[in-house]
>>> print(open('protein09.txt').read())   # compact mmCIF, C-alpha atoms
# COMPACT_ATOMS: atom_id res chain seq x y z
CA MET A 120 89.81 -67.38 -44.74
CA ASN A 121 88.78 -64.93 -47.41
CA PRO A 122 88.82 -61.39 -45.91
CA LYS A 123 85.42 -60.67 -47.48
CA ARG A 124 83.87 -63.75 -45.89
CA LEU A 125 85.53 -62.91 -42.55
CA LEU A 126 84.00 -59.42 -42.65
CA ILE A 127 80.54 -60.83 -43.45
CA LEU A 128 80.83 -63.37 -40.62
CA THR A 129 81.95 -60.65 -38.18
CA LEU A 130 79.06 -58.40 -39.18
CA PHE A 131 76.61 -61.32 -38.87
CA LEU A 132 77.84 -62.14 -35.35
CA ALA A 133 77.69 -58.48 -34.31
CA MET A 134 74.11 -58.13 -35.60
CA SER A 135 73.09 -61.35 -33.83
CA ALA A 136 74.53 -60.04 -30.55
CA MET A 137 72.68 -56.75 -30.99
CA LEU A 138 69.39 -58.52 -31.68
CA MET A 139 69.80 -60.77 -28.63
CA ALA A 140 70.76 -57.90 -26.32
CA GLN A 141 68.00 -56.65 -24.01
CA THR A 142 66.80 -53.09 -24.29
CA PRO A 143 66.42 -51.06 -21.06
CA ALA A 144 62.62 -51.40 -21.34
CA GLN A 145 62.94 -55.19 -21.66
CA LYS A 146 65.18 -55.31 -18.60
CA VAL A 147 62.63 -53.33 -16.56
CA ARG A 148 59.83 -55.68 -17.68
CA LEU A 149 61.87 -58.77 -16.76
CA LYS A 150 62.72 -57.30 -13.35
CA LYS A 151 59.04 -56.57 -12.65
CA LYS A 152 58.12 -60.08 -13.77
CA ARG A 153 60.69 -61.65 -11.42
CA LEU A 154 59.62 -59.44 -8.50
CA GLY A 155 55.97 -60.25 -9.18
CA SER A 156 56.68 -63.94 -8.57
CA ILE A 157 58.14 -63.31 -5.08
CA GLU A 158 55.95 -63.99 -2.02
CA ARG A 159 52.84 -64.51 -4.16
CA TYR A 160 51.05 -66.75 -1.64
CA HIS A 161 50.38 -65.69 1.93
CA ALA A 162 48.37 -66.32 5.08
CA ASN A 163 47.10 -63.65 7.47
CA VAL A 164 46.02 -63.78 11.11
CA GLY A 165 44.62 -60.78 12.89
CA LEU A 166 41.90 -58.95 14.73
CA GLU A 167 39.31 -56.41 13.72
CA THR A 168 36.78 -54.32 15.59
CA ALA A 169 33.77 -52.41 14.27
CA PHE A 170 31.53 -50.00 16.12
CA ASN A 171 28.39 -47.91 15.89
CA ASN A 172 25.39 -48.79 18.08
CA ASN A 173 26.84 -52.28 18.25
CA LEU A 174 30.43 -53.26 18.98
CA ILE A 175 31.92 -56.22 17.10
CA VAL A 176 35.30 -57.81 17.85
CA ALA A 177 36.50 -60.53 15.49
CA PRO A 178 39.66 -62.65 15.28
CA LYS A 179 40.22 -63.72 11.69
CA PHE A 180 42.36 -65.88 9.41
CA SER A 181 42.80 -65.84 5.64
CA ILE A 182 44.90 -67.21 2.81
CA GLY A 183 45.53 -65.33 -0.38
CA TYR A 184 47.36 -64.67 -3.62
CA GLY A 185 49.48 -61.59 -4.29
CA SER A 186 51.97 -59.45 -2.43
CA THR A 187 52.78 -55.79 -1.94
CA ILE A 188 54.68 -55.93 -5.22
CA ASN A 189 51.61 -57.03 -7.20
CA LEU A 190 48.94 -54.53 -8.23
CA PHE A 191 46.05 -56.78 -7.14
CA ASN A 192 45.67 -59.20 -4.19
CA ILE A 193 42.81 -61.52 -3.29
CA ASP A 194 42.06 -63.29 0.00
CA LEU A 195 39.63 -65.94 1.24
CA GLY A 196 39.13 -66.37 4.96
CA ALA A 197 37.03 -66.89 8.06
CA LYS A 198 36.34 -64.88 11.19
CA TYR A 199 34.45 -65.20 14.46
CA ASN A 200 32.33 -62.14 15.32
CA VAL A 201 31.63 -61.46 18.99
CA VAL A 202 28.84 -58.86 19.12
CA ASN A 203 28.37 -56.58 22.13
CA SER A 204 30.12 -58.77 24.68
CA LEU A 205 32.11 -55.75 25.93
CA PHE A 206 29.03 -53.67 26.80
CA PHE A 207 27.99 -53.71 30.45
CA ASP A 208 24.48 -52.31 29.83
CA ASP A 209 22.67 -55.34 28.39
CA SER A 210 19.36 -53.49 28.32
CA ARG A 211 20.45 -51.55 25.21
CA HIS A 212 22.46 -54.23 23.41
CA LEU A 213 21.96 -57.86 22.40
CA THR A 214 24.96 -60.19 22.67
CA MET A 215 25.56 -62.57 19.78
CA HIS A 216 28.25 -64.78 18.27
CA GLN A 217 28.64 -65.24 14.53
CA ALA A 218 30.84 -67.30 12.26
CA ALA A 219 31.68 -65.64 8.96
CA ILE A 220 33.44 -66.48 5.73
CA PHE A 221 34.71 -63.71 3.48
CA VAL A 222 36.42 -62.88 0.23
CA SER A 223 38.34 -59.65 -0.22
CA ALA A 224 40.29 -57.94 -2.98
CA GLN A 225 42.82 -55.12 -2.77
CA CYS A 226 44.48 -52.80 -5.26
CA ASN A 227 47.93 -51.63 -4.15
CA VAL A 228 47.76 -48.07 -5.43
CA VAL A 229 51.14 -46.92 -4.04
CA ARG A 230 54.04 -49.39 -3.73
CA TRP A 231 57.59 -48.99 -2.44
CA ASN A 232 60.26 -51.33 -1.02
CA PHE A 233 57.87 -54.23 -0.36
CA ASN A 234 55.37 -51.86 1.34
CA CYS A 235 52.16 -50.36 -0.06
CA VAL A 236 49.04 -48.28 0.41
CA TYR A 237 45.89 -50.07 -0.78
CA ILE A 238 42.16 -49.72 -1.35
CA GLY A 239 39.80 -52.66 -1.55
CA ALA A 240 36.45 -54.33 -1.01
CA GLU A 241 35.16 -57.33 0.93
CA MET A 242 32.02 -59.47 1.08
CA ASP A 243 31.13 -61.46 4.22
CA PHE A 244 28.50 -64.12 4.87
CA CYS A 245 27.64 -64.28 8.59
CA THR A 246 25.71 -67.04 10.34
CA PRO A 247 24.75 -67.19 14.06
CA VAL A 248 26.52 -69.57 16.41
CA PHE A 249 24.69 -68.86 19.67
CA ASN A 250 21.41 -66.96 20.32
CA LYS A 251 20.08 -68.12 16.97
CA THR A 252 16.58 -66.86 17.79
CA ILE A 253 17.75 -63.23 17.84
CA ALA A 254 20.36 -63.43 15.07
CA ASN A 255 19.90 -63.61 11.31
CA GLU A 256 22.08 -65.03 8.59
CA HIS A 257 23.11 -62.12 6.41
CA PHE A 258 25.63 -60.73 3.96
CA SER A 259 27.66 -57.62 4.60
CA CYS A 260 29.92 -55.66 2.28
CA ARG A 261 32.68 -53.19 2.98
CA GLY A 262 35.19 -50.86 1.46
CA HIS A 263 38.58 -50.50 3.07
CA VAL A 264 41.85 -48.56 2.89
CA GLY A 265 45.11 -49.33 4.60
CA VAL A 266 48.86 -49.67 4.69
CA LYS A 267 50.95 -52.83 4.44
CA TYR A 268 54.27 -52.17 6.13
CA ARG A 269 56.71 -55.07 6.33
CA LYS A 270 54.55 -57.94 7.63
CA LEU A 271 51.85 -55.77 9.24
CA ASN A 272 48.61 -54.76 7.56
CA ILE A 273 46.74 -51.90 9.24
CA GLY A 274 43.44 -50.78 7.72
CA ALA A 275 40.18 -48.93 8.27
CA TYR A 276 36.82 -49.82 6.75
CA TYR A 277 33.16 -48.94 6.36
CA GLU A 278 30.77 -51.90 6.54
CA TYR A 279 27.11 -52.22 5.53
CA ASP A 280 24.78 -55.16 6.26
CA LEU A 281 22.66 -56.14 3.26
CA ALA A 282 20.03 -57.44 5.73
CA PRO A 283 19.56 -56.86 9.49
CA MET A 284 21.89 -59.04 11.56
CA MET A 285 19.24 -59.21 14.34
CA ASN A 286 15.74 -60.68 14.25
CA GLN A 287 13.73 -57.51 14.81
CA LYS A 288 10.35 -59.27 14.64
CA TYR A 289 11.29 -61.81 17.33
CA VAL A 290 12.57 -59.13 19.70
CA TYR A 291 9.47 -56.98 19.11
CA GLU A 292 7.11 -59.88 19.90
CA SER A 293 9.07 -61.22 22.88
CA ALA A 294 8.23 -60.10 26.42
CA GLN A 295 11.83 -60.88 27.37
CA TYR A 296 13.21 -57.78 25.62
CA ASP A 297 12.52 -54.04 25.74
CA TYR A 298 12.10 -53.27 22.06
CA GLN A 299 12.31 -49.48 22.45
CA SER A 300 15.56 -49.62 24.44
CA LEU A 301 17.07 -52.02 21.90
CA ARG A 302 15.86 -50.13 18.83
CA GLY A 303 19.22 -48.50 18.03
CA SER A 304 21.02 -51.83 18.25
CA LEU A 305 18.35 -53.69 16.27
CA PHE A 306 18.18 -51.28 13.36
CA GLU A 307 21.89 -50.74 12.88
CA ARG A 308 23.00 -51.62 9.36
CA SER A 309 26.36 -49.82 9.06
CA ARG A 310 29.49 -49.28 11.11
CA VAL A 311 33.14 -48.29 10.83
CA GLY A 312 36.07 -50.39 11.93
CA ILE A 313 39.79 -50.98 12.08
CA SER A 314 41.74 -54.13 11.28
CA ILE A 315 45.25 -55.33 12.10
CA THR A 316 46.74 -58.49 10.59
CA TYR A 317 50.14 -60.16 10.39
CA ASN A 318 51.31 -61.66 7.12
CA PHE A 319 53.02 -65.06 6.74
CA VAL A 320 54.64 -65.82 3.39
CA MET A 321 53.83 -69.27 2.01
CA ASP A 322 56.24 -71.02 -0.38
CA ILE A 323 54.24 -73.17 -2.79
>>> encode(input="protein09.txt", output="structure tokens")
Amino acid sequence: MNPKRLLILTLFLAMSAMLMAQTPAQKVRLKKKRLGSIERYHANVGLETAFNNNLIVAPKFSIGYGSTINLFNIDLGAKYNVVNSLFFDDSRHLTMHQAAIFVSAQCNVVRWNFNCVYIGAEMDFCTPVFNKTIANEHFSCRGHVGVKYRKLNIGAYYEYDLAPMMNQKYVYESAQYDYQSLRGSLFERSRVGISITYNFVMDI
């Protein structure tokens, strides 16, 4: 082969190899893209409790998209709220049961080794199961912060009811209840709480 043509072919092959080679920035982007596709779908089971004048304990279940590696996660789930069943003084608290569906979103602000610290928000729709005369359907919203460590998710939240969860008018007009004693419980609209869930990875 002509030496000139051989040199041109060699240079062409070398330039092609250089063009096809990945830059360090491209390698980092590809690594992040591959990691972002790991454990994207999940299910959570757990328990939360909220307290102020009322005490709420709720087992819950959710399914969602995203992992600790992703910046954003979203979950859709259901919970069963048991209100004031742990109080012994019934004269100051009304006992109720509620079913709720919720949607929540989290932003993983600090991430490391498949763990993260997150902030987020949630919206719940609650409907009474028992004692429907003293309970109202209502929405509640919350902001939460927490840590996801391995498969555990431990968080704290502040919750606010967009409408009263109890039927204040019915309790006021009923001779069965002492409205003044129940006033603190009836007029509560906000509370703080803690939540613990366990994460199951779903392969889809």
>>> residues_around(input="protein09.txt", residues="region 254-265 of chain A", least_positions_apart="4", cutoff="9 Å", atoms="all atoms listed in the file", output="PyMOL selection string")
chain A and resi 215-217+225+235-250+272-287+308+314
>>> residues_around(input="protein09.txt", residues="Asn203 (chain A)", least_positions_apart="2", cutoff="7 Å", atoms="all atoms listed in the file", output="PyMOL selection string")
chain A and resi 173-175+201+205-206+212-214
>>> atom_distance(input="protein09.txt", atom1="CA of Ile253 (chain A)", atom2="CA of Ser181 (chain A)")
28.0 Å
>>> atom_distance(input="protein09.txt", atom1="CA of Asn200 (chain A)", atom2="CA of Gln299 (chain A)")
24.7 Å
>>> closest_residue(input="protein09.txt", among="A:Thr252, A:Ser204, A:Thr316, A:Asn172", to="Ser304 (chain A)", atoms="all atoms listed in the file")
A:Asn172
>>> closest_residue(input="protein09.txt", among="A:Ile313, A:Val290, A:Val222, A:Leu166", to="Gly183 (chain A)", atoms="only C-alpha atoms")
A:Val222
>>> closest_residue(input="protein09.txt", among="A:Phe170, A:Asn318, A:Ala224, A:Tyr298", to="Leu271 (chain A)", atoms="only C-alpha atoms")
A:Asn318
>>> build_atoms(input="protein09.txt", residues="region 165-178 of chain A", atoms="N, CA, C and O atoms", output="PDB file, keeping the file's coordinate frame")
ATOM      1  N   GLY A 165      44.763 -62.114  12.338  1.00  0.00           N
ATOM      2  CA  GLY A 165      44.620 -60.780  12.890  1.00  0.00           C
ATOM      3  C   GLY A 165      43.348 -60.595  13.669  1.00  0.00           C
ATOM      4  O   GLY A 165      42.641 -61.554  14.025  1.00  0.00           O
ATOM      5  N   LEU A 166      43.053 -59.333  13.920  1.00  0.00           N
ATOM      6  CA  LEU A 166      41.900 -58.950  14.730  1.00  0.00           C
ATOM      7  C   LEU A 166      41.306 -57.678  14.151  1.00  0.00           C
ATOM      8  O   LEU A 166      42.032 -56.786  13.703  1.00  0.00           O
ATOM      9  N   GLU A 167      39.975 -57.625  14.137  1.00  0.00           N
ATOM     10  CA  GLU A 167      39.310 -56.410  13.720  1.00  0.00           C
ATOM     11  C   GLU A 167      38.208 -56.045  14.695  1.00  0.00           C
ATOM     12  O   GLU A 167      37.676 -56.910  15.407  1.00  0.00           O
ATOM     13  N   THR A 168      37.877 -54.772  14.740  1.00  0.00           N
ATOM     14  CA  THR A 168      36.780 -54.320  15.590  1.00  0.00           C
ATOM     15  C   THR A 168      35.990 -53.266  14.826  1.00  0.00           C
ATOM     16  O   THR A 168      36.559 -52.434  14.122  1.00  0.00           O
ATOM     17  N   ALA A 169      34.658 -53.343  14.943  1.00  0.00           N
ATOM     18  CA  ALA A 169      33.770 -52.410  14.270  1.00  0.00           C
ATOM     19  C   ALA A 169      32.785 -51.852  15.288  1.00  0.00           C
ATOM     20  O   ALA A 169      32.387 -52.553  16.230  1.00  0.00           O
ATOM     21  N   PHE A 170      32.375 -50.613  15.110  1.00  0.00           N
ATOM     22  CA  PHE A 170      31.530 -50.000  16.120  1.00  0.00           C
ATOM     23  C   PHE A 170      30.577 -48.976  15.515  1.00  0.00           C
ATOM     24  O   PHE A 170      30.872 -48.318  14.528  1.00  0.00           O
ATOM     25  N   ASN A 171      29.417 -48.916  16.110  1.00  0.00           N
ATOM     26  CA  ASN A 171      28.390 -47.910  15.890  1.00  0.00           C
ATOM     27  C   ASN A 171      27.478 -48.049  17.114  1.00  0.00           C
ATOM     28  O   ASN A 171      27.928 -47.856  18.225  1.00  0.00           O
ATOM     29  N   ASN A 172      26.218 -48.430  16.921  1.00  0.00           N
ATOM     30  CA  ASN A 172      25.390 -48.790  18.080  1.00  0.00           C
ATOM     31  C   ASN A 172      25.826 -50.121  18.669  1.00  0.00           C
ATOM     32  O   ASN A 172      25.658 -50.371  19.860  1.00  0.00           O
ATOM     33  N   ASN A 173      26.317 -50.988  17.819  1.00  0.00           N
ATOM     34  CA  ASN A 173      26.840 -52.280  18.250  1.00  0.00           C
ATOM     35  C   ASN A 173      28.362 -52.266  18.179  1.00  0.00           C
ATOM     36  O   ASN A 173      28.955 -51.523  17.398  1.00  0.00           O
ATOM     37  N   LEU A 174      28.974 -53.111  18.980  1.00  0.00           N
ATOM     38  CA  LEU A 174      30.430 -53.260  18.980  1.00  0.00           C
ATOM     39  C   LEU A 174      30.768 -54.696  18.629  1.00  0.00           C
ATOM     40  O   LEU A 174      30.305 -55.633  19.295  1.00  0.00           O
ATOM     41  N   ILE A 175      31.553 -54.881  17.569  1.00  0.00           N
ATOM     42  CA  ILE A 175      31.920 -56.220  17.100  1.00  0.00           C
ATOM     43  C   ILE A 175      33.435 -56.374  17.179  1.00  0.00           C
ATOM     44  O   ILE A 175      34.177 -55.529  16.681  1.00  0.00           O
ATOM     45  N   VAL A 176      33.883 -57.454  17.800  1.00  0.00           N
ATOM     46  CA  VAL A 176      35.300 -57.810  17.850  1.00  0.00           C
ATOM     47  C   VAL A 176      35.437 -59.172  17.171  1.00  0.00           C
ATOM     48  O   VAL A 176      34.678 -60.092  17.472  1.00  0.00           O
ATOM     49  N   ALA A 177      36.413 -59.304  16.270  1.00  0.00           N
ATOM     50  CA  ALA A 177      36.500 -60.530  15.490  1.00  0.00           C
ATOM     51  C   ALA A 177      37.951 -60.935  15.218  1.00  0.00           C
ATOM     52  O   ALA A 177      38.660 -60.229  14.495  1.00  0.00           O
ATOM     53  N   PRO A 178      38.408 -62.066  15.762  1.00  0.00           N
ATOM     54  CA  PRO A 178      39.660 -62.650  15.280  1.00  0.00           C
ATOM     55  C   PRO A 178      39.417 -63.248  13.899  1.00  0.00           C
ATOM     56  O   PRO A 178      38.311 -63.716  13.596  1.00  0.00           O
TER      57      PRO A 178
END
